[in-house]
Structures are given as C-alpha cells and as structure tokens.
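Dumped run_10.cif below, it's mmCIF, C-alpha atoms (C1' of nucleotides):
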```cif
data_input
#
loop_
_atom_site.label_atom_id
_atom_site.label_comp_id
_atom_site.auth_asym_id
_atom_site.auth_seq_id
_atom_site.Cartn_x
_atom_site.Cartn_y
_atom_site.Cartn_z
CA MET A 1 125.45 87.47 78.50
CA THR A 2 123.22 84.50 79.12
CA LEU A 3 119.89 84.86 80.84
CA HIS A 4 119.69 81.18 81.67
CA LYS A 5 120.97 79.41 84.69
CA SER A 6 121.46 75.73 85.29
CA THR A 7 118.81 74.07 87.39
CA ALA A 8 121.29 74.11 90.23
CA ASP A 9 121.19 77.76 91.15
CA PHE A 10 117.69 79.08 91.48
CA ALA A 11 118.73 81.08 94.47
CA GLU A 12 121.50 83.16 92.97
CA LEU A 13 119.72 84.34 89.86
CA CYS A 14 121.56 85.50 86.81
CA PRO A 15 122.61 89.16 87.07
CA ILE A 16 120.37 90.27 84.27
CA ARG A 17 117.26 88.65 85.59
CA ASP A 18 118.09 89.98 88.99
CA VAL A 19 118.08 93.52 87.69
CA LEU A 20 115.34 93.28 85.10
CA GLU A 21 112.79 91.64 87.33
CA ARG A 22 112.72 94.73 89.45
CA LEU A 23 112.25 96.99 86.51
CA GLY A 24 109.58 94.82 85.00
CA ASP A 25 106.84 95.54 87.47
CA ARG A 26 103.85 97.69 86.80
CA TRP A 27 105.05 101.02 88.18
CA THR A 28 108.84 101.18 88.14
CA MET A 29 109.27 102.24 84.53
CA LEU A 30 106.52 104.78 84.92
CA VAL A 31 108.07 106.32 88.00
CA LEU A 32 111.49 106.49 86.39
CA PHE A 33 110.05 108.09 83.31
CA THR A 34 108.14 110.62 85.36
CA LEU A 35 111.23 111.52 87.36
CA ASP A 36 113.21 111.86 84.19
CA GLU A 37 110.85 114.23 82.47
CA GLY A 38 109.96 116.25 85.55
CA GLY A 39 113.28 116.35 87.37
CA THR A 40 113.37 116.42 91.17
CA GLN A 41 109.86 115.99 92.48
CA ARG A 42 107.95 115.58 95.69
CA PHE A 43 105.97 112.52 96.60
CA SER A 44 102.65 114.23 96.04
CA THR A 45 103.72 115.51 92.65
CA LEU A 46 104.64 112.05 91.49
CA LYS A 47 101.38 110.75 92.83
CA ALA A 48 99.50 113.39 90.90
CA ARG A 49 101.30 112.68 87.66
CA ILE A 50 100.65 108.98 87.82
CA PRO A 51 96.91 109.03 88.30
CA ASP A 52 96.28 105.37 88.87
CA VAL A 53 99.09 104.49 91.23
CA SER A 54 98.12 103.97 94.84
CA GLN A 55 100.01 105.66 97.61
CA ARG A 56 101.18 102.32 98.81
CA MET A 57 102.59 101.21 95.48
CA LEU A 58 104.26 104.52 94.81
CA ALA A 59 106.02 104.44 98.16
CA GLN A 60 107.07 100.85 97.66
CA THR A 61 108.36 101.49 94.17
CA LEU A 62 110.34 104.50 95.32
CA ARG A 63 111.84 102.53 98.20
CA ARG A 64 113.06 99.85 95.87
CA LEU A 65 114.47 102.31 93.37
CA GLU A 66 116.23 104.08 96.19
CA GLN A 67 117.56 100.79 97.43
CA ASP A 68 118.86 99.87 94.00
CA GLY A 69 120.57 103.23 93.72
CA LEU A 70 118.51 104.59 90.83
CA VAL A 71 116.78 107.23 92.89
CA VAL A 72 117.80 109.52 95.74
CA ARG A 73 115.41 110.46 98.48
CA THR A 74 115.88 113.73 100.33
CA ALA A 75 113.75 114.44 103.38
CA TYR A 76 113.48 117.86 104.94
CA ALA A 77 112.58 118.00 108.59
CA THR A 78 109.93 120.63 108.18
CA VAL A 79 106.30 120.65 109.21
CA PRO A 80 104.62 119.43 107.20
CA PRO A 81 107.35 117.11 105.96
CA ARG A 82 108.76 117.58 102.51
CA VAL A 83 110.42 114.75 100.64
CA GLU A 84 111.99 115.01 97.24
CA TYR A 85 112.96 112.33 94.81
CA ALA A 86 115.39 112.51 91.93
CA LEU A 87 117.24 110.22 89.59
CA THR A 88 120.81 109.38 90.47
CA PRO A 89 123.46 109.21 87.73
CA LEU A 90 122.82 105.48 87.70
CA GLY A 91 119.12 106.11 87.28
CA THR A 92 119.76 108.57 84.50
CA SER A 93 122.00 106.07 82.74
CA PHE A 94 119.07 103.72 82.62
CA MET A 95 116.94 106.17 80.73
CA ASP A 96 118.82 105.58 77.49
CA PRO A 97 117.95 101.93 77.03
CA MET A 98 114.53 102.66 78.44
CA ARG A 99 113.82 105.31 75.88
CA GLN A 100 114.69 102.82 73.17
CA LEU A 101 112.15 100.47 74.58
CA VAL A 102 109.50 103.15 74.80
CA HIS A 103 110.28 104.16 71.27
CA TRP A 104 109.86 100.62 70.06
CA ALA A 105 106.56 100.33 71.87
CA ALA A 106 105.28 103.55 70.36
CA GLN A 107 106.49 102.55 66.94
CA HIS A 108 104.99 99.08 66.91
CA HIS A 109 101.97 99.46 69.08
CA GLU A 110 99.62 99.59 66.14
CA GLN A 111 101.10 96.45 64.69
CA VAL A 112 100.67 94.62 67.98
CA ARG A 113 97.09 95.73 68.28
CA THR A 114 96.38 94.53 64.79
CA ALA A 115 97.96 91.19 65.54
CA ARG A 116 95.85 90.79 68.64
CA GLN A 117 92.67 91.37 66.73
CA ALA A 118 93.62 89.04 63.92
CA TYR A 119 94.51 86.28 66.33
CA ARG A 120 92.48 83.08 66.15
CA PRO A 121 92.65 80.94 69.34
CA VAL A 122 93.94 77.83 67.62
CA GLN A 123 94.03 76.08 64.29
CA ALA A 124 92.94 72.48 64.02
CA ALA A 125 94.69 71.62 60.79
CA ALA A 126 98.37 72.24 60.16
CA PRO A 127 100.95 72.53 57.36
CA LEU A 128 102.80 69.56 55.88
CA MET B 129 105.33 109.92 73.77
CA THR B 130 103.78 110.20 77.20
CA LEU B 131 103.28 107.22 79.42
CA HIS B 132 100.65 108.94 81.47
CA LYS B 133 96.98 109.08 80.96
CA SER B 134 94.40 111.31 82.50
CA THR B 135 92.34 109.77 85.24
CA ALA B 136 89.50 109.54 82.78
CA ASP B 137 90.71 106.65 80.66
CA PHE B 138 91.90 103.76 82.72
CA ALA B 139 90.33 101.37 80.29
CA GLU B 140 92.11 102.44 77.14
CA LEU B 141 95.63 102.47 78.51
CA CYS B 142 98.40 104.40 76.88
CA PRO B 143 99.95 102.52 73.96
CA ILE B 144 103.29 102.14 75.59
CA ARG B 145 102.00 100.77 78.82
CA ASP B 146 99.75 98.49 76.87
CA VAL B 147 102.73 96.95 75.16
CA LEU B 148 105.27 97.06 77.96
CA GLU B 149 103.06 95.49 80.58
CA ARG B 150 103.00 92.31 78.58
CA LEU B 151 106.73 92.22 78.27
CA GLY B 152 107.27 92.89 81.92
CA ASP B 153 106.20 89.53 83.23
CA ARG B 154 108.53 86.91 84.51
CA TRP B 155 109.00 84.76 81.43
CA THR B 156 108.37 86.80 78.30
CA MET B 157 111.81 88.36 77.99
CA LEU B 158 113.43 85.05 78.71
CA VAL B 159 111.42 83.23 76.05
CA LEU B 160 112.14 85.91 73.47
CA PHE B 161 115.80 85.83 74.27
CA THR B 162 115.91 82.06 74.01
CA LEU B 163 114.13 82.09 70.68
CA ASP B 164 116.50 84.75 69.43
CA GLU B 165 119.66 82.93 70.30
CA GLY B 166 118.45 79.47 69.35
CA GLY B 167 116.32 80.24 66.30
CA THR B 168 113.27 78.12 65.53
CA GLN B 169 112.69 75.71 68.38
CA ARG B 170 110.22 73.15 69.59
CA PHE B 171 108.21 73.47 72.76
CA SER B 172 110.27 70.87 74.57
CA THR B 173 113.52 72.53 73.58
CA LEU B 174 112.39 75.84 75.00
CA LYS B 175 111.24 74.10 78.12
CA ALA B 176 114.65 72.49 78.48
CA ARG B 177 116.53 75.72 77.99
CA ILE B 178 114.52 77.59 80.57
CA PRO B 179 114.92 75.23 83.49
CA ASP B 180 112.59 76.84 85.95
CA VAL B 181 109.61 77.61 83.75
CA SER B 182 106.59 75.36 84.17
CA GLN B 183 104.88 73.82 81.17
CA ARG B 184 101.85 75.90 81.92
CA MET B 185 103.66 79.21 82.04
CA LEU B 186 105.68 78.45 78.93
CA ALA B 187 102.54 77.64 76.98
CA GLN B 188 100.79 80.73 78.25
CA THR B 189 103.73 82.98 77.47
CA LEU B 190 104.01 81.58 73.97
CA ARG B 191 100.29 82.05 73.38
CA ARG B 192 100.51 85.69 74.32
CA LEU B 193 103.58 86.32 72.23
CA GLU B 194 101.88 84.65 69.31
CA GLN B 195 98.82 86.73 69.87
CA ASP B 196 100.85 89.92 69.92
CA GLY B 197 102.56 88.92 66.69
CA LEU B 198 106.06 88.54 68.09
CA VAL B 199 106.17 84.78 67.65
CA VAL B 200 104.90 82.34 65.05
CA ARG B 201 103.65 78.92 65.98
CA THR B 202 103.84 76.15 63.41
CA ALA B 203 102.16 72.85 64.17
CA TYR B 204 102.82 69.70 62.17
CA ALA B 205 100.09 67.09 62.16
CA THR B 206 102.42 64.21 62.88
CA VAL B 207 102.34 61.58 65.59
CA PRO B 208 103.65 62.52 68.01
CA PRO B 209 102.85 66.16 67.40
CA ARG B 210 105.59 68.58 66.57
CA VAL B 211 105.23 72.29 67.16
CA GLU B 212 107.82 74.88 66.35
CA TYR B 213 108.15 78.43 67.53
CA ALA B 214 110.10 81.25 65.98
CA LEU B 215 110.39 85.01 66.17
CA THR B 216 108.48 87.01 63.59
CA PRO B 217 110.10 90.09 62.02
CA LEU B 218 108.22 92.08 64.61
CA GLY B 219 109.66 89.88 67.32
CA THR B 220 113.13 90.25 65.91
CA SER B 221 112.75 94.01 65.76
CA PHE B 222 112.12 93.96 69.48
CA MET B 223 115.42 92.31 70.19
CA ASP B 224 117.36 95.49 69.49
CA PRO B 225 115.96 97.61 72.30
CA MET B 226 115.88 94.53 74.45
CA ARG B 227 119.58 93.88 73.98
CA GLN B 228 120.26 97.42 75.06
CA LEU B 229 118.37 96.76 78.22
CA VAL B 230 120.20 93.53 78.85
CA HIS B 231 123.46 95.28 78.19
CA TRP B 232 122.63 97.96 80.71
CA ALA B 233 121.71 95.34 83.27
CA ALA B 234 124.95 93.47 82.76
CA GLN B 235 126.94 96.67 82.88
CA HIS B 236 125.41 98.05 86.05
CA HIS B 237 124.51 94.95 87.96
CA GLU B 238 127.44 95.26 90.29
CA GLN B 239 126.60 98.84 91.06
CA VAL B 240 123.03 97.90 91.87
CA ARG B 241 124.14 95.11 94.14
CA THR B 242 126.46 97.44 95.96
CA ALA B 243 123.70 99.98 96.39
CA ARG B 244 121.41 97.35 97.82
CA GLN B 245 123.93 96.35 100.41
CA ALA B 246 124.71 99.90 101.39
CA TYR B 247 121.05 100.74 101.80
CA ARG B 248 119.85 101.75 105.25
CA PRO B 249 116.07 101.32 105.75
CA VAL B 250 115.40 104.93 106.77
CA GLN B 251 117.09 107.94 108.26
CA ALA B 252 115.57 109.64 111.26
CA ALA B 253 117.31 112.96 110.91
CA ALA B 254 117.40 114.96 107.70
CA PRO B 255 119.26 117.76 105.94
CA LEU B 256 118.37 121.46 106.35
"C1'" DC C 257 102.59 115.84 103.64
"C1'" DT C 258 104.68 111.44 103.73
"C1'" DG C 259 104.48 107.45 104.75
"C1'" DA C 260 103.84 102.60 107.43
"C1'" DA C 261 100.51 98.92 108.92
"C1'" DT C 262 96.47 96.32 108.33
"C1'" DC C 263 92.98 93.96 105.87
"C1'" DC C 264 91.01 91.99 102.04
"C1'" DT C 265 90.49 90.84 97.12
"C1'" DT C 266 92.46 89.57 92.96
"C1'" DA C 267 96.16 87.86 89.87
"C1'" DC C 268 99.85 84.88 89.18
"C1'" DT C 269 102.08 80.30 89.53
"C1'" DG C 270 103.24 75.62 90.10
"C1'" DA C 271 101.65 70.64 90.61
"C1'" DT C 272 98.97 67.46 89.05
"C1'" DA C 273 96.02 65.02 86.07
"C1'" DC C 274 94.04 64.41 81.73
"C1'" DT C 275 93.48 64.77 76.20
"C1'" DG C 276 94.70 64.74 70.92
"C1'" DC D 277 105.01 65.65 72.28
"C1'" DA D 278 102.32 69.47 73.19
"C1'" DG D 279 99.30 71.07 75.27
"C1'" DT D 280 94.57 72.21 78.37
"C1'" DA D 281 91.88 72.03 82.86
"C1'" DT D 282 91.57 72.16 87.53
"C1'" DC D 283 93.07 73.20 92.08
"C1'" DA D 284 95.51 75.26 95.78
"C1'" DG D 285 99.08 78.26 97.59
"C1'" DT D 286 101.50 82.60 97.16
"C1'" DA D 287 102.24 87.10 95.97
"C1'" DA D 288 100.72 91.53 94.25
"C1'" DG D 289 97.66 95.32 94.57
"C1'" DG D 290 94.11 98.54 96.34
"C1'" DA D 291 91.47 100.74 100.11
"C1'" DT D 292 91.55 102.23 104.49
"C1'" DT D 293 93.37 103.62 108.78
"C1'" DC D 294 96.77 105.54 111.66
"C1'" DA D 295 101.22 108.06 112.82
"C1'" DG D 296 105.44 111.31 112.60
#
```

Could you render the structure as structure tokens?
Amino acid sequence: MTLHKSTADFAELCPIRDVLERLGDRWTMLVLFTLDEGGTQRFSTLKARIPDVSQRMLAQTLRRLEQDGLVVRTAYATVPPRVEYALTPLGTSFMDPMRQLVHWAAQHHEQVRTARQAYRPVQAAAPL
Amino acid sequence: MTLHKSTADFAELCPIRDVLERLGDRWTMLVLFTLDEGGTQRFSTLKARIPDVSQRMLAQTLRRLEQDGLVVRTAYATVPPRVEYALTPLGTSFMDPMRQLVHWAAQHHEQVRTARQAYRPVQAAAPL
DNA sequence: CTGAATCCTTACTGATACTG
DNA sequence: CAGTATCAGTAAGGATTCAG
C-alpha cells in the first residue's frame, strides 16, 4: 500500500499514483459526479450541467474515463448523432470513496477557509 | 452537496471544488500520505522519501498545506536550521477519506489497466 | 449534435543559482 | 539545512474552426 517508488522506476509508476493521477485533474471528479446523480446522459446534457467546462475538455475527460473503464459510451447512428454516457459498474464502485471525499470537503471547507485567512506568510522567530 | 455552480459565479467556486482542486495536484496526496505514515518529519526527510519531487515543488506543496491548515510547520532557530512538518488534526481527519480512495485504487488498479489495454480508439458503426 | 484539429495563452515544473 | 528567485521548457486549457 505504498505510494512511493524507488528512484529506479519512474516509468512504471506505483499502481495508486497511476490511478489517482487521472482522477485528480480538474474535471474528472465533476464529470463522474454528474453522471452519478443524473444517470445516463448525452454529451450536451453533461456540457450544460458543468457550466465552465469547455467542449474540448469534456470530450477529453470522457475519453479517458471510457478508456479506464469507468464510463461507457453509446453512439447511435442517427442524424443528428446521439451519444450517451453512463457509469460502468467500475465507475459506480468509485462513487463510494468519492462521496467520502466530497463529504469531508463539505464538512471542513469552512475550517480550511479560516485557516487560509489566518495564514501569515512566514515567521521570522521560532520556538526553542 | 452539489459540485456545480451556475454560470454566474465562476469566481466564488463551490466549496468542494475549492478544496478538492488543491488536493488534486501531483504532490499533495503524496506528501500527506508520507507525513501520515512517518509522523513529524524534517524537510530533507520528506524530500528523501519522495524521490522524484523537486525541492521547489516540495516547498510549495508544504506551504499550501500549511496555509490550508492541514500541516503545521515548526522552525527551530538553530544552525543549521531545522524545520519539522506534521499533520494537524484537520490533516489527520483527511486521511480517512483519503485511505478509502487509495484502497479503491489498489483494489481496482488491475481492472483499470485491463480496460486501458482493451480500449479501441473509436467505433465507426453503432448500435440501433 | 458530437466531436476532432488547430492555434495560442497560461499554468505547472524542474534545474540552477543564491540566501539566512 | 531549508528554503527563495529566476529562467526556460513542457503541459494543460480555452477559443475557434471544421467535419461526420
């Protein structure tokens, strides 16, 4: 369960970092959350529900999630095209730990904000 | 408990995004995890345990964590200087949800890797 | 509607060099 | 030892344009 790797293997990252680095970007969590609460949704719906995501980033995020097996993409050959996205069982299984994280954030947000305000760049003197 | 905000308020981001975006960068989780498993540690120790972090990034990450109240920095006015870092109670409280996330990653890493390999860029045809 | 491709601007990062 | 400052390269992100 270590997140560290010896200096030797930069290339083959530790499993956990490998997975978490994907999830840590700006939009992934948001997309997963939106899919979870809204169920199967079209591209345009997702775009509408995440106001500040660009088309480019949404597409890219969805591609990666699809690639990692957290999301399924279903395209219908109609005109105009219709594409639907949904969480896979794997994607759904991720929502549990994610909800914990969201809960923590909601719970402690105020405390963090307070800490930020109280923060003083540096202290010259020191204990001892 | 929504992660979305109306288009109106980009500036004042939703609490959860505000908190999670900080944690989502490349080093924060790793630093927190290292502090958690090793207890109070000096700058150089942390640097040694996270082989591929640069001095600059480690310092920056620690500053932010300190600012957010997850880490305490204690400087001793000795020569040479000695600075110790430790998790605050707030920081410790974050480890719970974080461990869940790490656990999920460890548990499903193989599945994700498999999905990545099986992935085919796009499909021309489609159902229906 | 759902994207991919391009361009361009900003943010992140690592090396390096320099202080207290 | 524990940083900060500066610089340069890379990567991320948005806006726009074009295509199936």

Task: 10 Å contact set for segment 291-294 of chain D, all atoms listed in the file, chain neighbours under 4 positions out, as a ChimeraX atom specification - done: /A:54,56 /C:260-264

TODO: Calculate how many Å separate atom CA of Thr74 of chain A from atom CA of Gln235 of chain B, rounding to one decimal.
DONE: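 Separation of atom CA of Thr74 of chain A and atom CA of Gln235 of chain B: 26.8 Å.
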
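Minimum atom-to-atom distance to Gln169 of chain B, evaluated using all atoms listed in the file, belongs to B:Ala214 out of B:Val147, B:Ala233, B:Ala214, B:Leu198.
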
Specify as a compact mmCIF listing (two decimals) with C-alpha atoms (C1' of nucleotides), in the coordinates of the input all residues of chain C found within 12 Å of chain B, counting all atoms listed in the file.
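Listing of out26.txt after writing:
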```
# COMPACT_ATOMS: atom_id res chain seq x y z
C1' DG C 259 104.48 107.45 104.75
C1' DA C 260 103.84 102.60 107.43
C1' DC C 268 99.85 84.88 89.18
C1' DT C 269 102.08 80.30 89.53
C1' DG C 270 103.24 75.62 90.10
C1' DA C 271 101.65 70.64 90.61
C1' DT C 272 98.97 67.46 89.05
C1' DG C 276 94.70 64.74 70.92
```

Mobile chain B placed on reference chain A by ordered C-alpha fit, as an mmCIF file with C-alpha atoms, in the coordinates of the input:
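selection-v6.cif, written as the output of this step:
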```cif
data_model
loop_
_atom_site.group_PDB
_atom_site.id
_atom_site.type_symbol
_atom_site.label_atom_id
_atom_site.label_comp_id
_atom_site.auth_asym_id
_atom_site.auth_seq_id
_atom_site.Cartn_x
_atom_site.Cartn_y
_atom_site.Cartn_z
ATOM 1 C CA MET B 129 125.634 87.560 78.559
ATOM 2 C CA THR B 130 123.316 84.629 79.087
ATOM 3 C CA LEU B 131 119.989 84.987 80.779
ATOM 4 C CA HIS B 132 119.799 81.335 81.616
ATOM 5 C CA LYS B 133 121.042 79.534 84.610
ATOM 6 C CA SER B 134 121.534 75.873 85.208
ATOM 7 C CA THR B 135 118.889 74.190 87.281
ATOM 8 C CA ALA B 136 121.345 74.160 90.133
ATOM 9 C CA ASP B 137 121.246 77.812 91.114
ATOM 10 C CA PHE B 138 117.752 79.123 91.408
ATOM 11 C CA ALA B 139 118.746 81.122 94.424
ATOM 12 C CA GLU B 140 121.525 83.176 92.910
ATOM 13 C CA LEU B 141 119.707 84.309 89.800
ATOM 14 C CA CYS B 142 121.517 85.515 86.746
ATOM 15 C CA PRO B 143 122.548 89.165 87.023
ATOM 16 C CA ILE B 144 120.331 90.312 84.243
ATOM 17 C CA ARG B 145 117.223 88.668 85.512
ATOM 18 C CA ASP B 146 118.027 89.960 88.939
ATOM 19 C CA VAL B 147 117.967 93.501 87.660
ATOM 20 C CA LEU B 148 115.230 93.253 85.061
ATOM 21 C CA GLU B 149 112.697 91.574 87.292
ATOM 22 C CA ARG B 150 112.602 94.650 89.448
ATOM 23 C CA LEU B 151 112.041 96.909 86.515
ATOM 24 C CA GLY B 152 109.328 94.748 85.089
ATOM 25 C CA ASP B 153 106.651 95.542 87.610
ATOM 26 C CA ARG B 154 103.704 97.739 86.957
ATOM 27 C CA TRP B 155 104.940 101.060 88.290
ATOM 28 C CA THR B 156 108.726 101.183 88.193
ATOM 29 C CA MET B 157 109.123 102.250 84.578
ATOM 30 C CA LEU B 158 106.402 104.805 84.982
ATOM 31 C CA VAL B 159 107.984 106.335 88.077
ATOM 32 C CA LEU B 160 111.395 106.485 86.434
ATOM 33 C CA PHE B 161 109.951 108.081 83.366
ATOM 34 C CA THR B 162 108.085 110.650 85.419
ATOM 35 C CA LEU B 163 111.173 111.519 87.411
ATOM 36 C CA ASP B 164 113.153 111.838 84.212
ATOM 37 C CA GLU B 165 110.807 114.213 82.508
ATOM 38 C CA GLY B 166 109.941 116.254 85.578
ATOM 39 C CA GLY B 167 113.276 116.312 87.395
ATOM 40 C CA THR B 168 113.372 116.411 91.186
ATOM 41 C CA GLN B 169 109.860 116.017 92.520
ATOM 42 C CA ARG B 170 107.987 115.603 95.751
ATOM 43 C CA PHE B 171 105.996 112.541 96.675
ATOM 44 C CA SER B 172 102.685 114.283 96.142
ATOM 45 C CA THR B 173 103.729 115.563 92.741
ATOM 46 C CA LEU B 174 104.611 112.081 91.579
ATOM 47 C CA LYS B 175 101.361 110.807 92.958
ATOM 48 C CA ALA B 176 99.492 113.471 91.019
ATOM 49 C CA ARG B 177 101.266 112.743 87.774
ATOM 50 C CA ILE B 178 100.600 109.038 87.935
ATOM 51 C CA PRO B 179 96.858 109.107 88.432
ATOM 52 C CA ASP B 180 96.213 105.459 89.017
ATOM 53 C CA VAL B 181 99.032 104.581 91.383
ATOM 54 C CA SER B 182 98.082 104.113 95.022
ATOM 55 C CA GLN B 183 100.032 105.821 97.775
ATOM 56 C CA ARG B 184 101.177 102.450 98.956
ATOM 57 C CA MET B 185 102.513 101.293 95.621
ATOM 58 C CA LEU B 186 104.213 104.602 94.924
ATOM 59 C CA ALA B 187 106.000 104.489 98.257
ATOM 60 C CA GLN B 188 107.011 100.891 97.747
ATOM 61 C CA THR B 189 108.269 101.515 94.234
ATOM 62 C CA LEU B 190 110.294 104.497 95.374
ATOM 63 C CA ARG B 191 111.792 102.506 98.238
ATOM 64 C CA ARG B 192 112.967 99.820 95.875
ATOM 65 C CA LEU B 193 114.380 102.261 93.378
ATOM 66 C CA GLU B 194 116.192 104.011 96.182
ATOM 67 C CA GLN B 195 117.497 100.729 97.419
ATOM 68 C CA ASP B 196 118.780 99.806 93.984
ATOM 69 C CA GLY B 197 120.510 103.165 93.693
ATOM 70 C CA LEU B 198 118.448 104.527 90.821
ATOM 71 C CA VAL B 199 116.733 107.189 92.899
ATOM 72 C CA VAL B 200 117.777 109.477 95.727
ATOM 73 C CA ARG B 201 115.413 110.423 98.492
ATOM 74 C CA THR B 202 115.953 113.695 100.311
ATOM 75 C CA ALA B 203 113.881 114.426 103.387
ATOM 76 C CA TYR B 204 113.655 117.875 104.940
ATOM 77 C CA ALA B 205 112.799 118.031 108.616
ATOM 78 C CA THR B 206 110.167 120.703 108.202
ATOM 79 C CA VAL B 207 106.546 120.798 109.275
ATOM 80 C CA PRO B 208 104.823 119.572 107.279
ATOM 81 C CA PRO B 209 107.467 117.195 106.006
ATOM 82 C CA ARG B 210 108.900 117.632 102.570
ATOM 83 C CA VAL B 211 110.516 114.781 100.698
ATOM 84 C CA GLU B 212 112.056 115.019 97.286
ATOM 85 C CA TYR B 213 112.964 112.315 94.843
ATOM 86 C CA ALA B 214 115.362 112.472 91.947
ATOM 87 C CA LEU B 215 117.197 110.167 89.586
ATOM 88 C CA THR B 216 120.776 109.312 90.461
ATOM 89 C CA PRO B 217 123.400 109.138 87.693
ATOM 90 C CA LEU B 218 122.764 105.423 87.679
ATOM 91 C CA GLY B 219 119.067 106.076 87.276
ATOM 92 C CA THR B 220 119.704 108.518 84.484
ATOM 93 C CA SER B 221 121.953 106.038 82.726
ATOM 94 C CA PHE B 222 119.031 103.652 82.640
ATOM 95 C CA MET B 223 116.878 106.087 80.755
ATOM 96 C CA ASP B 224 118.783 105.539 77.524
ATOM 97 C CA PRO B 225 117.941 101.882 77.010
ATOM 98 C CA MET B 226 114.531 102.570 78.428
ATOM 99 C CA ARG B 227 113.800 105.253 75.859
ATOM 100 C CA GLN B 228 114.713 102.802 73.153
ATOM 101 C CA LEU B 229 112.171 100.426 74.527
ATOM 102 C CA VAL B 230 109.523 103.095 74.730
ATOM 103 C CA HIS B 231 110.346 104.140 71.215
ATOM 104 C CA TRP B 232 109.928 100.604 69.974
ATOM 105 C CA ALA B 233 106.607 100.318 71.751
ATOM 106 C CA ALA B 234 105.339 103.538 70.242
ATOM 107 C CA GLN B 235 106.578 102.548 66.821
ATOM 108 C CA HIS B 236 105.066 99.083 66.764
ATOM 109 C CA HIS B 237 102.008 99.472 68.901
ATOM 110 C CA GLU B 238 99.683 99.573 65.953
ATOM 111 C CA GLN B 239 101.180 96.442 64.514
ATOM 112 C CA VAL B 240 100.741 94.637 67.805
ATOM 113 C CA ARG B 241 97.147 95.725 68.073
ATOM 114 C CA THR B 242 96.462 94.512 64.583
ATOM 115 C CA ALA B 243 98.063 91.178 65.342
ATOM 116 C CA ARG B 244 95.936 90.783 68.428
ATOM 117 C CA GLN B 245 92.769 91.337 66.499
ATOM 118 C CA ALA B 246 93.748 88.990 63.724
ATOM 119 C CA TYR B 247 94.622 86.243 66.165
ATOM 120 C CA ARG B 248 92.614 83.033 65.999
ATOM 121 C CA PRO B 249 92.747 80.967 69.229
ATOM 122 C CA VAL B 250 94.023 77.771 67.593
ATOM 123 C CA GLN B 251 94.106 75.973 64.292
ATOM 124 C CA ALA B 252 92.906 72.407 64.078
ATOM 125 C CA ALA B 253 94.643 71.468 60.873
ATOM 126 C CA ALA B 254 98.325 72.053 60.226
ATOM 127 C CA PRO B 255 100.901 72.291 57.451
ATOM 128 C CA LEU B 256 102.767 69.258 56.046
#
```

Limit the output to N, CA and C atoms and give segment 33-48 of chain A as an mmCIF file, in the first residue's frame.
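The resulting file, out_6.cif, is reproduced below:
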```
data_model
loop_
_atom_site.group_PDB
_atom_site.id
_atom_site.type_symbol
_atom_site.label_atom_id
_atom_site.label_comp_id
_atom_site.auth_asym_id
_atom_site.auth_seq_id
_atom_site.Cartn_x
_atom_site.Cartn_y
_atom_site.Cartn_z
ATOM 1 N N PHE A 33 -19.279 12.696 -10.931
ATOM 2 C CA PHE A 33 -20.357 13.076 -10.012
ATOM 3 C C PHE A 33 -21.638 13.406 -10.771
ATOM 4 N N THR A 34 -21.474 14.114 -11.866
ATOM 5 C CA THR A 34 -22.628 14.498 -12.674
ATOM 6 C C THR A 34 -23.305 13.276 -13.288
ATOM 7 N N LEU A 35 -22.497 12.336 -13.747
ATOM 8 C CA LEU A 35 -23.058 11.106 -14.299
ATOM 9 C C LEU A 35 -23.770 10.291 -13.222
ATOM 10 N N ASP A 36 -23.198 10.337 -12.046
ATOM 11 C CA ASP A 36 -23.787 9.564 -10.955
ATOM 12 C C ASP A 36 -25.151 10.111 -10.561
ATOM 13 N N GLU A 37 -25.237 11.408 -10.430
ATOM 14 C CA GLU A 37 -26.502 11.972 -9.965
ATOM 15 C C GLU A 37 -27.545 12.083 -11.070
ATOM 16 N N GLY A 38 -27.105 12.122 -12.326
ATOM 17 C CA GLY A 38 -28.064 12.280 -13.409
ATOM 18 C C GLY A 38 -28.310 11.026 -14.227
ATOM 19 N N GLY A 39 -27.562 9.957 -13.926
ATOM 20 C CA GLY A 39 -27.717 8.733 -14.711
ATOM 21 C C GLY A 39 -27.192 8.922 -16.124
ATOM 22 N N THR A 40 -27.617 8.039 -17.022
ATOM 23 C CA THR A 40 -27.196 8.109 -18.422
ATOM 24 C C THR A 40 -27.534 9.474 -19.018
ATOM 25 N N GLN A 41 -26.524 10.081 -19.625
ATOM 26 C CA GLN A 41 -26.743 11.421 -20.165
ATOM 27 C C GLN A 41 -26.024 11.625 -21.486
ATOM 28 N N ARG A 42 -26.552 12.537 -22.262
ATOM 29 C CA ARG A 42 -25.933 12.890 -23.523
ATOM 30 C C ARG A 42 -24.801 13.883 -23.288
ATOM 31 N N PHE A 43 -23.994 13.998 -24.329
ATOM 32 C CA PHE A 43 -22.869 14.935 -24.263
ATOM 33 C C PHE A 43 -23.330 16.348 -23.927
ATOM 34 N N SER A 44 -24.330 16.788 -24.645
ATOM 35 C CA SER A 44 -24.801 18.167 -24.468
ATOM 36 C C SER A 44 -25.377 18.411 -23.078
ATOM 37 N N THR A 45 -25.993 17.373 -22.525
ATOM 38 C CA THR A 45 -26.540 17.499 -21.172
ATOM 39 C C THR A 45 -25.420 17.697 -20.155
ATOM 40 N N LEU A 46 -24.408 16.876 -20.307
ATOM 41 C CA LEU A 46 -23.260 16.999 -19.405
ATOM 42 C C LEU A 46 -22.643 18.388 -19.529
ATOM 43 N N LYS A 47 -22.494 18.793 -20.750
ATOM 44 C CA LYS A 47 -21.921 20.119 -21.010
ATOM 45 C C LYS A 47 -22.736 21.212 -20.322
ATOM 46 N N ALA A 48 -24.048 21.056 -20.378
ATOM 47 C CA ALA A 48 -24.922 22.058 -19.785
ATOM 48 C C ALA A 48 -24.847 22.053 -18.262
#
```
